[in-house]
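Raw query11.txt, compact mmCIF, C-alpha atoms:
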```txt
# COMPACT_ATOMS: atom_id res chain seq x y z
CA MET M 1 20.82 155.93 125.87
CA VAL M 2 17.23 155.11 125.03
CA GLY M 3 14.86 154.17 127.84
CA GLU M 4 15.28 150.46 127.61
CA ILE M 5 16.35 147.77 125.21
CA ARG M 6 14.34 144.66 124.63
CA VAL M 7 15.67 141.54 122.98
CA ALA M 8 13.28 138.78 122.01
CA ILE M 9 14.84 135.40 122.78
CA ASN M 10 13.80 132.65 120.38
CA SER M 11 17.02 130.87 119.44
CA ASP M 12 20.66 130.38 120.39
CA GLN M 13 21.58 133.24 118.05
CA ASP M 14 19.48 135.60 120.19
CA ILE M 15 21.62 134.68 123.21
CA VAL M 16 24.60 136.22 121.42
CA SER M 17 22.75 139.40 120.43
CA ALA M 18 21.29 139.86 123.95
CA ARG M 19 24.70 139.72 125.59
CA GLN M 20 26.23 142.01 122.95
CA LYS M 21 23.49 144.59 123.54
CA GLY M 22 23.98 144.24 127.28
CA ARG M 23 27.66 145.03 126.92
CA VAL M 24 26.91 148.10 124.80
CA VAL M 25 24.45 149.41 127.42
CA ALA M 26 26.90 148.66 130.26
CA ASN M 27 29.62 150.59 128.42
CA GLU M 28 27.27 153.52 127.81
CA LEU M 29 26.41 153.61 131.50
CA GLY M 30 30.10 153.88 132.37
CA PHE M 31 30.71 150.39 133.74
CA SER M 32 34.30 149.17 133.65
CA SER M 33 35.06 146.66 130.96
CA GLY M 34 35.46 143.98 133.65
CA ASP M 35 31.99 144.68 135.01
CA ALA M 36 30.59 144.83 131.47
CA THR M 37 31.97 141.30 130.97
CA LEU M 38 30.25 140.10 134.16
CA ILE M 39 26.97 141.69 133.01
CA ALA M 40 27.26 140.22 129.49
CA THR M 41 28.00 136.79 130.96
CA ALA M 42 24.97 136.99 133.27
CA ILE M 43 22.76 137.97 130.32
CA SER M 44 24.12 135.04 128.32
CA GLU M 45 23.16 132.61 131.10
CA LEU M 46 19.71 134.14 131.60
CA ALA M 47 18.98 134.07 127.86
CA ARG M 48 20.26 130.48 127.74
CA ASN M 49 17.81 129.45 130.47
CA ILE M 50 14.98 130.93 128.40
CA VAL M 51 16.02 128.97 125.30
CA SER M 52 16.61 125.74 127.25
CA TYR M 53 13.54 125.73 129.46
CA ALA M 54 10.91 128.01 127.92
CA ARG M 55 12.01 128.17 124.26
CA LYS M 56 11.10 131.84 124.00
CA GLY M 57 11.01 134.92 126.15
CA LEU M 58 12.19 138.47 126.50
CA ILE M 59 15.30 140.12 127.92
CA THR M 60 14.91 143.75 128.95
CA ILE M 61 17.99 145.84 129.70
CA LYS M 62 17.70 149.29 131.28
CA LYS M 63 19.32 151.90 133.42
CA VAL M 64 18.27 152.10 137.07
CA ASN M 65 18.78 154.79 139.67
CA GLY M 66 19.39 154.05 143.33
CA HIS M 67 20.42 156.25 146.24
CA ASN M 68 23.25 158.31 144.79
CA ARG M 69 24.11 155.60 142.36
CA GLU M 70 23.34 154.34 138.91
CA GLY M 71 23.17 150.85 137.66
CA ILE M 72 21.90 148.44 135.08
CA ALA M 73 18.90 146.16 135.38
CA VAL M 74 18.33 143.04 133.34
CA ILE M 75 14.97 141.32 133.37
CA ALA M 76 14.59 137.89 131.80
CA ALA M 77 10.96 136.89 131.43
CA ASP M 78 9.37 133.83 129.91
CA GLU M 79 6.05 132.04 129.88
CA GLY M 80 7.61 128.62 130.16
CA PRO M 81 6.93 125.75 132.54
CA GLY M 82 8.16 127.57 135.64
CA ILE M 83 10.56 126.28 138.27
CA PRO M 84 9.07 123.75 140.71
CA ASP M 85 11.56 124.38 143.52
CA ILE M 86 13.29 127.77 143.39
CA ARG M 87 15.40 127.13 146.47
CA GLN M 88 16.80 124.01 144.85
CA ALA M 89 17.42 125.88 141.59
CA LEU M 90 19.48 128.44 143.50
CA ARG M 91 21.72 125.79 144.98
CA ASP M 92 25.07 125.29 143.28
CA GLY M 93 25.26 122.20 141.15
CA PHE M 94 21.52 121.85 140.64
CA SER M 95 20.56 120.80 137.16
CA THR M 96 17.53 119.46 135.36
CA SER M 97 18.78 119.52 131.79
CA GLY M 98 22.31 118.28 131.43
CA SER M 99 25.53 118.91 133.21
CA LEU M 100 25.34 122.60 134.03
CA GLY M 101 21.72 123.29 134.76
CA LEU M 102 20.21 126.66 135.40
CA GLY M 103 23.34 128.49 136.41
CA LEU M 104 21.25 130.75 138.63
CA PRO M 105 23.62 130.70 141.62
CA GLY M 106 26.38 131.81 139.26
CA VAL M 107 24.26 134.63 137.83
CA ARG M 108 23.53 135.75 141.38
CA ARG M 109 27.26 135.95 142.08
CA LEU M 110 27.93 137.93 138.89
CA MET M 111 25.38 140.62 139.78
CA ASP M 112 24.66 142.73 142.90
CA GLU M 113 20.94 142.11 143.23
CA PHE M 114 18.90 139.10 142.22
CA GLU M 115 15.16 138.47 142.30
CA ILE M 116 13.26 135.54 140.92
CA THR M 117 9.57 134.81 140.65
CA SER M 118 8.24 131.65 139.08
CA GLN M 119 4.85 130.08 138.78
CA LEU M 120 4.33 126.55 137.55
CA GLY M 121 2.74 126.56 134.13
CA LYS M 122 2.89 130.35 133.95
CA GLY M 123 6.54 131.24 133.60
CA THR M 124 9.61 132.64 135.26
CA THR M 125 10.98 136.15 135.67
CA VAL M 126 14.52 136.81 136.85
CA ALA M 127 15.46 140.42 137.58
CA VAL M 128 19.07 141.30 138.32
CA LYS M 129 20.90 144.55 138.92
CA LYS M 130 24.46 145.71 139.05
CA TRP M 131 25.54 149.09 140.46
CA ARG M 132 28.31 151.09 138.93
CA GLN M 133 31.35 151.28 141.20
CA MET S 1 30.04 131.76 111.50
CA GLU S 2 32.84 129.35 110.61
CA VAL S 3 35.78 128.92 112.92
CA PRO S 4 38.98 128.70 110.90
CA ILE S 5 41.06 125.62 111.67
CA LEU S 6 44.71 125.97 110.68
CA LYS S 7 47.06 123.02 110.26
CA GLN S 8 50.46 123.71 111.71
CA GLY S 9 52.63 120.63 111.38
CA ALA S 10 51.42 117.99 113.83
CA PHE S 11 49.08 120.49 115.49
CA LEU S 12 45.78 122.11 114.64
CA ILE S 13 44.94 125.66 115.64
CA ALA S 14 41.31 126.77 115.93
CA THR S 15 40.67 130.47 116.45
CA PHE S 16 37.38 131.42 118.11
CA GLN S 17 35.56 134.60 117.14
CA ALA S 18 33.69 136.84 119.58
CA ALA S 19 30.13 136.05 118.61
CA LEU S 20 29.89 132.29 118.39
CA SER S 21 26.43 130.82 118.75
CA ASP S 22 25.75 127.40 120.25
CA ALA S 23 25.29 126.00 116.76
CA ASP S 24 28.71 127.36 115.74
CA LEU S 25 30.31 125.77 118.79
CA ASN S 26 28.69 122.41 118.08
CA GLN S 27 29.87 122.58 114.49
CA LEU S 28 33.39 123.40 115.60
CA ARG S 29 33.41 120.48 118.03
CA MET S 30 32.63 118.03 115.24
CA GLY S 31 34.92 119.75 112.76
CA LEU S 32 37.90 119.66 115.10
CA VAL S 33 37.55 116.01 115.96
CA GLN S 34 37.20 115.10 112.27
CA GLN S 35 40.28 117.13 111.36
CA VAL S 36 42.32 115.54 114.15
CA VAL S 37 41.45 112.18 112.63
CA LYS S 38 42.10 113.33 109.07
CA PHE S 39 45.50 114.86 109.73
CA ARG S 40 46.52 112.45 112.52
CA SER S 41 47.24 115.54 114.62
CA ARG S 42 49.02 115.21 117.95
CA ALA S 43 47.42 118.23 119.52
CA VAL S 44 44.89 121.01 119.10
CA ILE S 45 45.25 124.60 120.23
CA VAL S 46 41.97 126.43 120.75
CA ASP S 47 42.61 130.17 120.76
CA VAL S 48 39.84 132.03 122.61
CA THR S 49 41.57 135.43 122.76
CA ALA S 50 38.70 137.10 120.87
CA MET S 51 35.95 135.62 123.06
CA ASP S 52 34.52 138.32 125.28
CA VAL S 53 32.05 136.03 127.05
CA MET S 54 32.57 132.43 128.12
CA ASP S 55 29.28 131.16 129.44
CA SER S 56 28.32 127.70 130.68
CA PHE S 57 27.68 126.33 127.20
CA ALA S 58 30.94 127.58 125.69
CA SER S 59 32.93 126.27 128.61
CA ARG S 60 31.19 122.90 128.54
CA THR S 61 31.85 122.67 124.79
CA LEU S 62 35.55 123.36 125.35
CA ARG S 63 35.71 120.60 127.96
CA GLU S 64 33.93 118.22 125.60
CA ILE S 65 36.29 119.08 122.76
CA ALA S 66 39.27 118.37 125.00
CA HIS S 67 37.82 115.05 126.18
CA MET S 68 36.90 113.89 122.68
CA ILE S 69 40.33 114.78 121.37
CA ARG S 70 41.97 112.97 124.28
CA LEU S 71 40.02 109.84 123.33
CA ARG S 72 41.68 110.14 119.94
CA GLY S 73 45.03 110.13 121.69
CA ALA S 74 45.75 113.80 121.08
CA GLU S 75 45.91 116.77 123.41
CA THR S 76 44.07 120.09 123.62
CA VAL S 77 45.44 123.38 124.92
CA ILE S 78 43.11 126.34 125.45
CA VAL S 79 44.95 129.62 125.02
CA GLY S 80 44.10 133.29 125.41
CA ILE S 81 41.38 133.35 128.09
CA GLN S 82 41.18 137.07 128.88
CA PRO S 83 41.56 138.14 132.53
CA GLU S 84 38.03 139.58 132.67
CA VAL S 85 36.61 136.43 131.12
CA ALA S 86 38.53 134.30 133.61
CA PHE S 87 37.10 136.38 136.47
CA ALA S 88 33.54 135.97 135.16
CA MET S 89 34.08 132.21 134.70
CA VAL S 90 35.19 131.83 138.30
CA GLN S 91 32.23 133.85 139.57
CA LEU S 92 29.90 131.71 137.50
CA GLY S 93 31.50 128.56 138.91
CA LEU S 94 32.87 127.34 135.57
CA THR S 95 36.06 125.32 135.47
CA LEU S 96 38.14 123.75 132.75
CA GLU S 97 39.48 121.02 134.99
CA GLY S 98 41.68 118.50 133.26
CA VAL S 99 42.20 120.76 130.25
CA ALA S 100 45.59 122.33 129.61
CA THR S 101 45.62 126.11 129.31
CA ALA S 102 48.30 128.60 128.30
CA LEU S 103 48.62 132.37 128.28
CA ASP S 104 48.56 132.82 124.53
CA LEU S 105 49.21 131.09 121.22
CA GLU S 106 52.97 131.43 121.57
CA GLU S 107 53.01 129.84 125.03
CA GLY S 108 50.65 127.12 123.85
CA LEU S 109 52.93 126.24 120.93
CA ALA S 110 55.99 126.31 123.17
CA TYR S 111 54.27 123.94 125.62
CA LEU S 112 53.36 121.49 122.88
CA ASN S 113 56.72 121.69 121.12
CA GLU S 114 58.42 120.89 124.41
CA LYS S 115 56.00 118.08 125.12
CA PHE S 116 56.25 116.42 121.71
CA LYS S 117 59.79 117.54 120.94
CA VAL S 118 58.85 118.52 117.42
CA THR S 119 59.84 121.48 115.35
CA ASN S 120 57.04 122.98 113.35
```
Rewritten as structure tokens:
Amino acid sequence: MVGEIRVAINSDQDIVSARQKGRVVANELGFSSGDATLIATAISELARNIVSYARKGLITIKKVNGHNREGIAVIAADEGPGIPDIRQALRDGFSTSGSLGLGLPGVRRLMDEFEITSQLGKGTTVAVKKWRQ
Amino acid sequence: MEVPILKQGAFLIATFQAALSDADLNQLRMGLVQQVVKFRSRAVIVDVTAMDVMDSFASRTLREIAHMIRLRGAETVIVGIQPEVAFAMVQLGLTLEGVATALDLEEGLAYLNEKFKVTN
């Protein structure tokens, strides 16, 4: 596959194309179709957060190498308002915009590694990884 | 992308495609409720067999569809949630509590036929 795939997120339609591209990359990297579904679902939630909270941003999907293993990394970056309280946002059931909220605890469960940085007024970056079994 | 809604006797059947955007889902929600009113349908089957991702928005929309249709006095059955999709939904913490589900279209129809004792 090519080095990395970037999907600009500007609308709800981009959520669909980001998760479709994520599934293609996951398949190319040899992930099982079950894992590809988990990855595509995580991408859908991350892209949705961008649309809901920051309006626009970028999803980057790429291959990563670890110790004797390969995986996929997804980075969701925006220059939106930022998250005031990350610990609260990572708690199940937390929501600031409607009934389901950020879904970040769920995304963390779908993937193997999860990192978030957020600065008020500057934006949020969520980086997640999943290793191939 | 339009979701086809098929009238089958007293029931409506809506078949989801793989790549539904939020706007498509919102449109379907309104369309289904309007059709239930128009045809005085007793129940709606939403077939999600082709959906390869069920994220928080899609699952919330399904719950809303079911609740709106219940307020009309009709019932909703979601059929065809794929095993991998079900696994991802559970990991994500999504539930369809209070909404009837069935394995596939056939099971969904059998459930409703039994419930309403109708022959379509």
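Within 7 Å of chain M, counting all atoms listed in the file, chain S contributes Ala19, Ser21, Asp22, Asp52, Val53, Met54, Asp55, Ser56, Glu84, Val85, Ala88, Gln91, Leu92 and Gly93 of chain S.
Candidate residues S:Ile45, S:Thr95, S:Phe57, S:Leu62 were compared for distance to S:Glu107, and the nearest is S:Ile45, using all atoms listed in the file.
Computed from the coordinates, the atom CA of S:Ile65 to atom CA of S:Lys117 distance equals 23.6 Å.
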Residues of stretch 16-98 of chain S within 10 Å of stretch 6-9 of chain S: nearest atom pair and distance (Å, one decimal) for each, counting only C-alpha atoms, sorted by chain and number, as a tab-separated table?
```
residue	atom	partner	partner_atom	distance
S:Gln35	CA	S:Lys7	CA	9.0
S:Val36	CA	S:Lys7	CA	9.7
S:Phe39	CA	S:Lys7	CA	8.3
S:Ser41	CA	S:Gly9	CA	8.1
S:Arg42	CA	S:Gly9	CA	9.3
S:Ala43	CA	S:Gly9	CA	10.0
S:Val44	CA	S:Lys7	CA	9.3
S:Ile45	CA	S:Leu6	CA	9.7
```
Checklist line | Residues near S:Thr15, cut-off 8 Å, all atoms listed in the file, skip fewer than 2 positions along chain, as a VMD selection string | finding: chain S and resid 3 to 5 13 17 46 to 48
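Atom pair atom CA of S:Thr61 / atom CA of S:Arg29 has a distance of 7.3 Å (rounded to one decimal).
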